[in-house]
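coords10.pdb follows (PDB, C-alpha atoms and all ligand atoms):
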```
ATOM      1  CA  MET A  90       0.000   0.000   0.000  1.00  0.00           C
ATOM      2  CA  ILE A  91       1.095   3.515  -0.698  1.00  0.00           C
ATOM      3  CA  ASP A  92      -0.287   6.762   0.691  1.00  0.00           C
ATOM      4  CA  GLN A  93      -2.085   9.037  -1.706  1.00  0.00           C
ATOM      5  CA  TYR A  94       0.096  10.775  -4.283  1.00  0.00           C
ATOM      6  CA  ASP A  95      -0.486  13.040  -7.285  1.00  0.00           C
ATOM      7  CA  ILE A  96       1.053  13.165 -10.715  1.00  0.00           C
ATOM      8  CA  SER A  97       1.401  16.549 -12.353  1.00  0.00           C
ATOM      9  CA  LEU A  98       3.669  18.622 -14.559  1.00  0.00           C
ATOM     10  CA  ALA A  99       6.800  19.784 -12.780  1.00  0.00           C
ATOM     11  CA  ILE A 100       7.287  23.408 -11.842  1.00  0.00           C
ATOM     12  CA  ALA A 101      10.555  25.341 -11.785  1.00  0.00           C
ATOM     13  CA  SER A 102      11.102  24.764  -8.070  1.00  0.00           C
ATOM     14  CA  ASP A 103      11.114  20.952  -8.625  1.00  0.00           C
ATOM     15  CA  ALA A 104      14.328  21.101 -10.674  1.00  0.00           C
ATOM     16  CA  ALA A 105      16.757  20.585  -7.779  1.00  0.00           C
ATOM     17  CA  ALA A 106      14.942  17.550  -6.324  1.00  0.00           C
ATOM     18  CA  ILE A 107      14.577  15.956  -9.773  1.00  0.00           C
ATOM     19  CA  SER A 108      18.232  16.512 -10.515  1.00  0.00           C
ATOM     20  CA  GLU A 109      19.283  14.947  -7.198  1.00  0.00           C
ATOM     21  CA  LEU A 110      17.089  11.901  -7.760  1.00  0.00           C
ATOM     22  CA  SER A 111      18.571  11.518 -11.239  1.00  0.00           C
ATOM     23  CA  ARG A 112      22.098  11.671  -9.792  1.00  0.00           C
ATOM     24  CA  ASP A 113      21.336   9.115  -7.076  1.00  0.00           C
ATOM     25  CA  ALA A 114      19.002   6.690  -8.859  1.00  0.00           C
ATOM     26  CA  ILE A 115      20.000   6.893 -12.526  1.00  0.00           C
ATOM     27  CA  GLU A 116      23.413   8.441 -13.041  1.00  0.00           C
ATOM     28  CA  GLN A 117      25.335   6.776 -10.235  1.00  0.00           C
ATOM     29  CA  GLY A 118      28.905   6.048 -11.345  1.00  0.00           C
ATOM     30  CA  LEU A 119      28.653   8.437 -14.291  1.00  0.00           C
ATOM     31  CA  PRO A 120      29.419  12.154 -14.426  1.00  0.00           C
ATOM     32  CA  TRP A 121      26.273  14.010 -13.245  1.00  0.00           C
ATOM     33  CA  SER A 122      24.780  15.403 -16.447  1.00  0.00           C
ATOM     34  CA  TRP A 123      21.199  16.178 -15.400  1.00  0.00           C
ATOM     35  CA  THR A 124      22.026  19.199 -13.295  1.00  0.00           C
ATOM     36  CA  ALA A 125      19.245  21.361 -11.859  1.00  0.00           C
ATOM     37  CA  ARG A 126      19.940  23.842 -14.642  1.00  0.00           C
ATOM     38  CA  ARG A 127      19.448  21.221 -17.357  1.00  0.00           C
ATOM     39  CA  VAL A 128      16.265  19.923 -15.703  1.00  0.00           C
ATOM     40  CA  ALA A 129      14.958  23.510 -15.444  1.00  0.00           C
ATOM     41  CA  ARG A 130      15.579  23.919 -19.184  1.00  0.00           C
ATOM     42  CA  SER A 131      13.521  20.774 -19.845  1.00  0.00           C
ATOM     43  CA  ILE A 132      10.697  22.053 -17.632  1.00  0.00           C
ATOM     44  CA  ARG A 133      10.595  25.220 -19.766  1.00  0.00           C
ATOM     45  CA  ASP A 134      10.945  23.393 -23.093  1.00  0.00           C
ATOM     46  CA  ARG A 135       7.641  23.200 -24.965  1.00  0.00           C
ATOM     47  CA  SER A 136       8.513  19.907 -26.651  1.00  0.00           C
ATOM     48  CA  THR A 137       9.349  18.194 -23.345  1.00  0.00           C
ATOM     49  CA  ASN A 138       7.121  17.031 -20.506  1.00  0.00           C
ATOM     50  CA  VAL A 139       8.620  16.753 -17.049  1.00  0.00           C
ATOM     51  CA  VAL A 140       6.178  15.024 -14.698  1.00  0.00           C
ATOM     52  CA  VAL A 141       6.445  14.444 -10.993  1.00  0.00           C
ATOM     53  CA  ALA A 142       4.782  12.155  -8.483  1.00  0.00           C
ATOM     54  CA  ARG A 143       4.277  14.058  -5.256  1.00  0.00           C
ATOM     55  CA  GLN A 144       3.255  12.719  -1.860  1.00  0.00           C
ATOM     56  CA  ALA A 145       2.385  15.445   0.605  1.00  0.00           C
ATOM     57  CA  ARG A 146       5.154  17.897  -0.292  1.00  0.00           C
ATOM     58  CA  SER A 147       7.869  15.470  -1.232  1.00  0.00           C
ATOM     59  CA  LEU A 148       8.834  14.296  -4.668  1.00  0.00           C
ATOM     60  CA  ILE A 149       8.695  10.506  -4.859  1.00  0.00           C
ATOM     61  CA  GLY A 150       9.302  10.095  -8.578  1.00  0.00           C
ATOM     62  CA  PHE A 151       9.643  11.865 -11.899  1.00  0.00           C
ATOM     63  CA  ALA A 152       9.893  11.257 -15.626  1.00  0.00           C
ATOM     64  CA  ILE A 153      11.074  13.318 -18.591  1.00  0.00           C
ATOM     65  CA  MET A 154       9.750  12.739 -22.101  1.00  0.00           C
ATOM     66  CA  LYS A 155      10.779  14.651 -25.212  1.00  0.00           C
ATOM     67  CA  TYR A 156       8.381  14.798 -28.153  1.00  0.00           C
ATOM     68  CA  GLU A 157       9.964  14.546 -31.570  1.00  0.00           C
ATOM     69  CA  GLU A 158       8.356  14.584 -34.979  1.00  0.00           C
ATOM     70  CA  GLU A 159       7.423  10.902 -35.177  1.00  0.00           C
ATOM     71  CA  GLU A 160       8.516   9.493 -31.842  1.00  0.00           C
ATOM     72  CA  ALA A 161       8.607  10.346 -28.187  1.00  0.00           C
ATOM     73  CA  HIS A 162      11.879   9.825 -26.338  1.00  0.00           C
ATOM     74  CA  LEU A 163      11.665   8.855 -22.684  1.00  0.00           C
ATOM     75  CA  LEU A 164      14.816  10.461 -21.307  1.00  0.00           C
ATOM     76  CA  LEU A 165      14.594   9.703 -17.590  1.00  0.00           C
ATOM     77  CA  LEU A 166      12.315   7.934 -15.112  1.00  0.00           C
ATOM     78  CA  ALA A 167      12.993   7.277 -11.443  1.00  0.00           C
ATOM     79  CA  VAL A 168      11.169   6.552  -8.215  1.00  0.00           C
ATOM     80  CA  GLN A 169      12.623   7.054  -4.732  1.00  0.00           C
ATOM     81  CA  ALA A 170      14.019   3.716  -3.528  1.00  0.00           C
ATOM     82  CA  ALA A 171      11.628   3.496  -0.561  1.00  0.00           C
ATOM     83  CA  GLN A 172       8.603   3.858  -2.848  1.00  0.00           C
ATOM     84  CA  ARG A 173       9.452   1.307  -5.528  1.00  0.00           C
ATOM     85  CA  ARG A 174       7.294  -1.698  -6.484  1.00  0.00           C
ATOM     86  CA  LYS A 175       4.156   0.223  -5.528  1.00  0.00           C
ATOM     87  CA  GLY A 176       3.072   1.258  -9.014  1.00  0.00           C
ATOM     88  CA  VAL A 177       4.477   4.806  -9.039  1.00  0.00           C
ATOM     89  CA  GLY A 178       6.772   4.209 -12.038  1.00  0.00           C
ATOM     90  CA  SER A 179       3.871   2.619 -13.921  1.00  0.00           C
ATOM     91  CA  ALA A 180       1.624   5.588 -13.110  1.00  0.00           C
ATOM     92  CA  LEU A 181       4.231   8.073 -14.386  1.00  0.00           C
ATOM     93  CA  LEU A 182       4.662   6.069 -17.581  1.00  0.00           C
ATOM     94  CA  ALA A 183       0.888   5.773 -18.104  1.00  0.00           C
ATOM     95  CA  TRP A 184       0.506   9.551 -17.682  1.00  0.00           C
ATOM     96  CA  LEU A 185       3.129  10.170 -20.360  1.00  0.00           C
ATOM     97  CA  GLU A 186       1.839   7.503 -22.740  1.00  0.00           C
ATOM     98  CA  ALA A 187      -1.636   9.050 -22.617  1.00  0.00           C
ATOM     99  CA  THR A 188      -0.114  12.407 -23.586  1.00  0.00           C
ATOM    100  CA  VAL A 189       1.909  10.823 -26.385  1.00  0.00           C
ATOM    101  CA  GLY A 190      -1.278   9.259 -27.744  1.00  0.00           C
ATOM    102  CA  VAL A 191      -3.075  12.616 -27.702  1.00  0.00           C
ATOM    103  CA  ALA A 192      -0.141  14.137 -29.613  1.00  0.00           C
ATOM    104  CA  GLY A 193      -0.696  11.510 -32.325  1.00  0.00           C
ATOM    105  CA  ILE A 194       2.688   9.898 -31.791  1.00  0.00           C
ATOM    106  CA  GLY A 195       2.832   6.103 -32.028  1.00  0.00           C
ATOM    107  CA  ILE A 196       6.305   5.163 -30.890  1.00  0.00           C
ATOM    108  CA  VAL A 197       8.089   5.651 -27.585  1.00  0.00           C
ATOM    109  CA  ARG A 198      11.805   4.936 -27.447  1.00  0.00           C
ATOM    110  CA  LEU A 199      14.305   4.955 -24.634  1.00  0.00           C
ATOM    111  CA  GLU A 200      17.761   3.860 -23.603  1.00  0.00           C
ATOM    112  CA  THR A 201      18.601   2.282 -20.297  1.00  0.00           C
ATOM    113  CA  ARG A 202      21.885   1.071 -18.875  1.00  0.00           C
ATOM    114  CA  ALA A 203      22.420  -2.410 -20.290  1.00  0.00           C
ATOM    115  CA  ARG A 204      23.222  -3.814 -16.852  1.00  0.00           C
ATOM    116  CA  ASN A 205      20.108  -2.273 -15.274  1.00  0.00           C
ATOM    117  CA  ASP A 206      18.081  -5.483 -15.119  1.00  0.00           C
ATOM    118  CA  GLU A 207      15.383  -3.889 -12.938  1.00  0.00           C
ATOM    119  CA  ALA A 208      14.662  -1.142 -15.458  1.00  0.00           C
ATOM    120  CA  ARG A 209      14.729  -3.579 -18.362  1.00  0.00           C
ATOM    121  CA  SER A 210      12.203  -5.804 -16.550  1.00  0.00           C
ATOM    122  CA  PHE A 211      10.035  -2.792 -15.769  1.00  0.00           C
ATOM    123  CA  TYR A 212       9.962  -1.673 -19.411  1.00  0.00           C
ATOM    124  CA  ARG A 213       9.415  -5.187 -20.763  1.00  0.00           C
ATOM    125  CA  HIS A 214       6.511  -5.495 -18.309  1.00  0.00           C
ATOM    126  CA  HIS A 215       5.068  -2.399 -20.027  1.00  0.00           C
ATOM    127  CA  GLY A 216       5.380  -3.751 -23.552  1.00  0.00           C
ATOM    128  CA  PHE A 217       8.742  -2.302 -24.592  1.00  0.00           C
ATOM    129  CA  GLU A 218      10.924  -4.437 -26.836  1.00  0.00           C
ATOM    130  CA  GLU A 219      14.684  -4.585 -26.645  1.00  0.00           C
ATOM    131  CA  VAL A 220      15.918  -3.524 -30.071  1.00  0.00           C
ATOM    132  CA  GLY A 221      19.667  -3.447 -29.675  1.00  0.00           C
ATOM    133  CA  LEU A 222      22.709  -2.539 -27.700  1.00  0.00           C
ATOM    134  CA  HIS A 223      24.283   0.888 -28.116  1.00  0.00           C
ATOM    135  CA  GLU A 224      27.924   0.508 -27.138  1.00  0.00           C
ATOM    136  CA  GLY A 225      29.464   3.324 -25.112  1.00  0.00           C
ATOM    137  CA  TYR A 226      26.194   5.300 -25.104  1.00  0.00           C
ATOM    138  CA  TYR A 227      26.857   6.601 -21.618  1.00  0.00           C
ATOM    139  CA  GLN A 228      29.814   8.925 -22.028  1.00  0.00           C
ATOM    140  CA  GLY A 229      31.830   6.225 -23.736  1.00  0.00           C
ATOM    141  CA  VAL A 230      32.045   4.110 -20.597  1.00  0.00           C
ATOM    142  CA  GLU A 231      28.854   2.082 -20.486  1.00  0.00           C
ATOM    143  CA  ASP A 232      26.481   0.416 -22.921  1.00  0.00           C
ATOM    144  CA  ALA A 233      22.788   1.142 -23.280  1.00  0.00           C
ATOM    145  CA  MET A 234      19.954  -1.166 -24.228  1.00  0.00           C
ATOM    146  CA  ARG A 235      17.662   0.584 -26.697  1.00  0.00           C
ATOM    147  CA  MET A 236      13.969  -0.208 -26.246  1.00  0.00           C
ATOM    148  CA  THR A 237      10.850   0.822 -28.131  1.00  0.00           C
ATOM    149  CA  LYS A 238       7.112   0.477 -27.733  1.00  0.00           C
ATOM    150  CA  ASP A 239       4.554   0.855 -30.499  1.00  0.00           C
ATOM    151  CA  LEU A 240       1.593   2.363 -28.678  1.00  0.00           C
ATOM    152  CA  ARG A 241      -0.748   1.591 -31.583  1.00  0.00           C
ATOM    153  CA  ARG A 242      -0.354  -2.097 -30.849  1.00  0.00           C
ATOM    154  CA  TRP A 243      -1.400  -1.510 -27.248  1.00  0.00           C
ATOM    155  CA  ALA A 244      -4.319   0.834 -27.871  1.00  0.00           C
TER     156      ALA A 244
HETATM  157  C1  LIG A 301      12.551   1.314 -12.890  1.00  0.00           C
HETATM  158  C2  LIG A 301      11.688   2.027 -11.827  1.00  0.00           C
HETATM  159  C3  LIG A 301      11.382   3.452 -12.331  1.00  0.00           C
HETATM  160  C4  LIG A 301      10.379   1.260 -11.648  1.00  0.00           C
HETATM  161  O1  LIG A 301       9.504   2.009 -10.806  1.00  0.00           O
HETATM  162  P1  LIG A 301       8.503   1.294  -9.769  1.00  0.00           P
HETATM  163  O2  LIG A 301       7.584   2.352  -9.260  1.00  0.00           O
HETATM  164  O3  LIG A 301       9.270   0.528  -8.774  1.00  0.00           O
HETATM  165  O4  LIG A 301       7.745   0.296 -10.756  1.00  0.00           O
HETATM  166  P2  LIG A 301       6.289  -0.364 -10.573  1.00  0.00           P
HETATM  167  O5  LIG A 301       5.996  -0.590  -9.129  1.00  0.00           O
HETATM  168  O6  LIG A 301       5.310   0.468 -11.326  1.00  0.00           O
HETATM  169  O7  LIG A 301       6.529  -1.767 -11.304  1.00  0.00           O
HETATM  170  C5  LIG A 301       5.675  -2.307 -12.300  1.00  0.00           C
HETATM  171  C6  LIG A 301       6.209  -3.653 -12.736  1.00  0.00           C
HETATM  172  O8  LIG A 301       7.503  -3.509 -13.362  1.00  0.00           O
HETATM  173  C7  LIG A 301       8.322  -4.649 -13.039  1.00  0.00           C
HETATM  174  N1  LIG A 301       9.413  -4.242 -12.136  1.00  0.00           N
HETATM  175  C8  LIG A 301       9.537  -3.078 -11.464  1.00  0.00           C
HETATM  176  N2  LIG A 301      10.679  -3.068 -10.739  1.00  0.00           N
HETATM  177  C9  LIG A 301      11.268  -4.267 -10.932  1.00  0.00           C
HETATM  178  C10 LIG A 301      12.454  -4.868 -10.441  1.00  0.00           C
HETATM  179  N3  LIG A 301      13.243  -4.219  -9.557  1.00  0.00           N
HETATM  180  N4  LIG A 301      12.767  -6.114 -10.831  1.00  0.00           N
HETATM  181  C11 LIG A 301      11.982  -6.786 -11.701  1.00  0.00           C
HETATM  182  N5  LIG A 301      10.822  -6.268 -12.211  1.00  0.00           N
HETATM  183  C12 LIG A 301      10.468  -5.012 -11.834  1.00  0.00           C
HETATM  184  C13 LIG A 301       7.416  -5.613 -12.289  1.00  0.00           C
HETATM  185  O9  LIG A 301       6.769  -6.423 -13.259  1.00  0.00           O
HETATM  186  C14 LIG A 301       6.426  -4.657 -11.627  1.00  0.00           C
HETATM  187  O10 LIG A 301       5.206  -5.266 -11.282  1.00  0.00           O
HETATM  188  P3  LIG A 301       5.076  -6.049  -9.869  1.00  0.00           P
HETATM  189  O11 LIG A 301       5.634  -5.137  -8.804  1.00  0.00           O
HETATM  190  O12 LIG A 301       3.600  -6.264  -9.737  1.00  0.00           O
HETATM  191  O13 LIG A 301       5.885  -7.306 -10.029  1.00  0.00           O
HETATM  192  C15 LIG A 301      12.418   2.075 -10.449  1.00  0.00           C
HETATM  193  O14 LIG A 301      12.907   0.780 -10.125  1.00  0.00           O
HETATM  194  C16 LIG A 301      13.606   3.035 -10.394  1.00  0.00           C
HETATM  195  O15 LIG A 301      13.436   4.228 -10.128  1.00  0.00           O
HETATM  196  N6  LIG A 301      14.824   2.520 -10.633  1.00  0.00           N
HETATM  197  C17 LIG A 301      16.035   3.346 -10.581  1.00  0.00           C
HETATM  198  C18 LIG A 301      16.082   4.323 -11.740  1.00  0.00           C
HETATM  199  C19 LIG A 301      16.043   3.624 -13.079  1.00  0.00           C
HETATM  200  O16 LIG A 301      16.658   2.593 -13.280  1.00  0.00           O
HETATM  201  N7  LIG A 301      15.289   4.224 -14.036  1.00  0.00           N
HETATM  202  C20 LIG A 301      15.098   3.647 -15.364  1.00  0.00           C
HETATM  203  C21 LIG A 301      16.147   4.028 -16.323  1.00  0.00           C
HETATM  204  S1  LIG A 301      16.087   5.768 -16.744  1.00  0.00           S
END
```

Would you write the structure of this file as structure tokens?
Ligand SMILES: CC(C)(COP(=O)(O)OP(=O)(O)OC[C@H]1O[C@@H](n2cnc3c(N)ncnc32)[C@H](O)[C@@H]1OP(=O)(O)O)[C@@H](O)C(=O)NCCC(=O)NCCS
Amino acid sequence: MIDQYDISLAIASDAAAISELSRDAIEQGLPWSWTARRVARSIRDRSTNVVVARQARSLIGFAIMKYEEEEAHLLLLAVQAAQRRKGVGSALLAWLEATVGVAGIGIVRLETRARNDEARSFYRHHGFEEVGLHEGYYQGVEDAMRMTKDLRRWA
């Protein structure tokens, strides 16, 4: 069970907490690239949605999706460690997929660290297919698994 939480678009003052969760949950062992400044730019960017899951006043998860011409690119998704396996990641993804559908985009793509078995399981659970390894994707030091989902097949 998880206490009530809300999912909404991020606001400028969320940038620092999002950036810290990215550093701790996603970018560990890599140079920290999603600084608060970069996250704030994404929050302002009209072709990007930054969404947050908030419980009381604390941020328990977030996701960043960039909309391109024919595809949407899921850039980041993380849930605070203490709140995992309670459906928060799925709720963030569902929120974004609904928006992608409204925008008339059929494909979502993403990269995740190849050795991140948890994330790969999570995305496979949600209908993503593993389409290939991208060697050195993470600053030349680590490989990524590329994954895609055709939303039209899941409509
Ligand atoms: C990946 C992540 C976002 C999943 O969020 P979550 O809120 O824990 O996911 P959910 O509770 O919605 O999980 C839905 C399903 O995905 C699968 N899943 C989720 N976490 C899993 C894990 N650690 N191992 C195996 N399967 C997993 C399961 O099928 C799960 O359903 P179940 O709990 O009924 O078995 C979270 O583990 C996380 O923040 N990880 C660190 C950051 C990261 O790796 N982000 C992705 C790359 S950018």

Which residues form the shell of 7 Å around ligand LIG 301 (chain A) when you count all atoms listed in the file, given as a VMD selection string?
chain A and resid 114 to 115 164 to 170 172 to 180 201 to 202 205 to 208 210 to 212 214

I'd like the neighbourhood of region 123-134 of chain A as a short mmCIF file (atom, residue, chain, number, x, y, z; two decimals) with C-alpha atoms, keeping the file's coordinate frame, where a residue qualifies if any of its atoms comes within 12 Å (using all atoms listed in the file), though same-chain residues fewer than 2 positions away should be ignored.
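That gives us result.cif:
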```
data_model
loop_
_atom_site.label_atom_id
_atom_site.label_comp_id
_atom_site.auth_asym_id
_atom_site.auth_seq_id
_atom_site.Cartn_x
_atom_site.Cartn_y
_atom_site.Cartn_z
CA LEU A 98 3.67 18.62 -14.56
CA ALA A 99 6.80 19.78 -12.78
CA ILE A 100 7.29 23.41 -11.84
CA ALA A 101 10.56 25.34 -11.78
CA SER A 102 11.10 24.76 -8.07
CA ASP A 103 11.11 20.95 -8.62
CA ALA A 104 14.33 21.10 -10.67
CA ALA A 105 16.76 20.58 -7.78
CA ALA A 106 14.94 17.55 -6.32
CA ILE A 107 14.58 15.96 -9.77
CA SER A 108 18.23 16.51 -10.52
CA GLU A 109 19.28 14.95 -7.20
CA LEU A 110 17.09 11.90 -7.76
CA SER A 111 18.57 11.52 -11.24
CA ARG A 112 22.10 11.67 -9.79
CA ASP A 113 21.34 9.12 -7.08
CA ALA A 114 19.00 6.69 -8.86
CA ILE A 115 20.00 6.89 -12.53
CA GLU A 116 23.41 8.44 -13.04
CA GLN A 117 25.34 6.78 -10.24
CA LEU A 119 28.65 8.44 -14.29
CA PRO A 120 29.42 12.15 -14.43
CA TRP A 121 26.27 14.01 -13.24
CA SER A 136 8.51 19.91 -26.65
CA THR A 137 9.35 18.19 -23.34
CA ASN A 138 7.12 17.03 -20.51
CA VAL A 139 8.62 16.75 -17.05
CA VAL A 140 6.18 15.02 -14.70
CA VAL A 141 6.44 14.44 -10.99
CA PHE A 151 9.64 11.86 -11.90
CA ALA A 152 9.89 11.26 -15.63
CA ILE A 153 11.07 13.32 -18.59
CA MET A 154 9.75 12.74 -22.10
CA LYS A 155 10.78 14.65 -25.21
CA TYR A 156 8.38 14.80 -28.15
CA LEU A 164 14.82 10.46 -21.31
CA LEU A 165 14.59 9.70 -17.59
#
```

Starting from the shown file, work through the PyMOL selection byres (((chain A and resi 143) around 9) and not hetatm) and note down what comes out as a PyMOL selection string.
chain A and resi 93-97+141-142+144-151

Would you mind exporting C-alpha atoms of the selected residues as a tab-separated table (two decimals), in the frame of the given file?
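Produced file part17.tsv, reproduced below:
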```
chain	number	residue	atom	x	y	z
A	93	GLN	CA	-2.08	9.04	-1.71
A	94	TYR	CA	0.10	10.78	-4.28
A	95	ASP	CA	-0.49	13.04	-7.28
A	96	ILE	CA	1.05	13.16	-10.72
A	97	SER	CA	1.40	16.55	-12.35
A	141	VAL	CA	6.44	14.44	-10.99
A	142	ALA	CA	4.78	12.16	-8.48
A	144	GLN	CA	3.26	12.72	-1.86
A	145	ALA	CA	2.38	15.44	0.60
A	146	ARG	CA	5.15	17.90	-0.29
A	147	SER	CA	7.87	15.47	-1.23
A	148	LEU	CA	8.83	14.30	-4.67
A	149	ILE	CA	8.70	10.51	-4.86
A	150	GLY	CA	9.30	10.10	-8.58
A	151	PHE	CA	9.64	11.86	-11.90
```

Separation of CA of Glu224 (chain A) from CA of Leu182 (chain A), in Å and rounded to one decimal:
25.8 Å

Would you kindly return, as a PyMOL selection string, each protein, DNA or RNA residue with an atom no farther than 10 Å from any atom of Arg241 (chain A), considering only C-alpha atoms and excluding same-chain residues fewer than 2 positions away?
chain A and resi 190+193-196+238-239+243-244

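Separating CA of Gly221 (chain A) from CA of Met236 (chain A) is a distance of 7.4 Å.
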
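Between Arg242 (chain A) and the residues A:Ala187, A:Gly216, A:Gly118, A:Ala203, the shortest atom-to-atom distance, using only C-alpha atoms, involves A:Gly216.
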
Would you please work out which residue, of A:Glu160, A:Tyr227, A:Arg235, A:Ile91, is nearest to Ala192 (chain A) when using only C-alpha atoms?
A:Glu160

For CA of Phe217 (chain A) and CA of Thr237 (chain A), determine how far apart the two atoms are, in Å to one decimal place.
5.2 Å

Written-out region 122-164 of chain A (C-alpha atoms) as an mmCIF file, in the first residue's frame:
```
data_model
loop_
_atom_site.group_PDB
_atom_site.id
_atom_site.type_symbol
_atom_site.label_atom_id
_atom_site.label_comp_id
_atom_site.auth_asym_id
_atom_site.auth_seq_id
_atom_site.Cartn_x
_atom_site.Cartn_y
_atom_site.Cartn_z
ATOM 1 C CA SER A 122 24.780 15.403 -16.447
ATOM 2 C CA TRP A 123 21.199 16.178 -15.400
ATOM 3 C CA THR A 124 22.026 19.199 -13.295
ATOM 4 C CA ALA A 125 19.245 21.361 -11.859
ATOM 5 C CA ARG A 126 19.940 23.842 -14.642
ATOM 6 C CA ARG A 127 19.448 21.221 -17.357
ATOM 7 C CA VAL A 128 16.265 19.923 -15.703
ATOM 8 C CA ALA A 129 14.958 23.510 -15.444
ATOM 9 C CA ARG A 130 15.579 23.919 -19.184
ATOM 10 C CA SER A 131 13.521 20.774 -19.845
ATOM 11 C CA ILE A 132 10.697 22.053 -17.632
ATOM 12 C CA ARG A 133 10.595 25.220 -19.766
ATOM 13 C CA ASP A 134 10.945 23.393 -23.093
ATOM 14 C CA ARG A 135 7.641 23.200 -24.965
ATOM 15 C CA SER A 136 8.513 19.907 -26.651
ATOM 16 C CA THR A 137 9.349 18.194 -23.345
ATOM 17 C CA ASN A 138 7.121 17.031 -20.506
ATOM 18 C CA VAL A 139 8.620 16.753 -17.049
ATOM 19 C CA VAL A 140 6.178 15.024 -14.698
ATOM 20 C CA VAL A 141 6.445 14.444 -10.993
ATOM 21 C CA ALA A 142 4.782 12.155 -8.483
ATOM 22 C CA ARG A 143 4.277 14.058 -5.256
ATOM 23 C CA GLN A 144 3.255 12.719 -1.860
ATOM 24 C CA ALA A 145 2.385 15.445 0.605
ATOM 25 C CA ARG A 146 5.154 17.897 -0.292
ATOM 26 C CA SER A 147 7.869 15.470 -1.232
ATOM 27 C CA LEU A 148 8.834 14.296 -4.668
ATOM 28 C CA ILE A 149 8.695 10.506 -4.859
ATOM 29 C CA GLY A 150 9.302 10.095 -8.578
ATOM 30 C CA PHE A 151 9.643 11.865 -11.899
ATOM 31 C CA ALA A 152 9.893 11.257 -15.626
ATOM 32 C CA ILE A 153 11.074 13.318 -18.591
ATOM 33 C CA MET A 154 9.750 12.739 -22.101
ATOM 34 C CA LYS A 155 10.779 14.651 -25.212
ATOM 35 C CA TYR A 156 8.381 14.798 -28.153
ATOM 36 C CA GLU A 157 9.964 14.546 -31.570
ATOM 37 C CA GLU A 158 8.356 14.584 -34.979
ATOM 38 C CA GLU A 159 7.423 10.902 -35.177
ATOM 39 C CA GLU A 160 8.516 9.493 -31.842
ATOM 40 C CA ALA A 161 8.607 10.346 -28.187
ATOM 41 C CA HIS A 162 11.879 9.825 -26.338
ATOM 42 C CA LEU A 163 11.665 8.855 -22.684
ATOM 43 C CA LEU A 164 14.816 10.461 -21.307
#
```
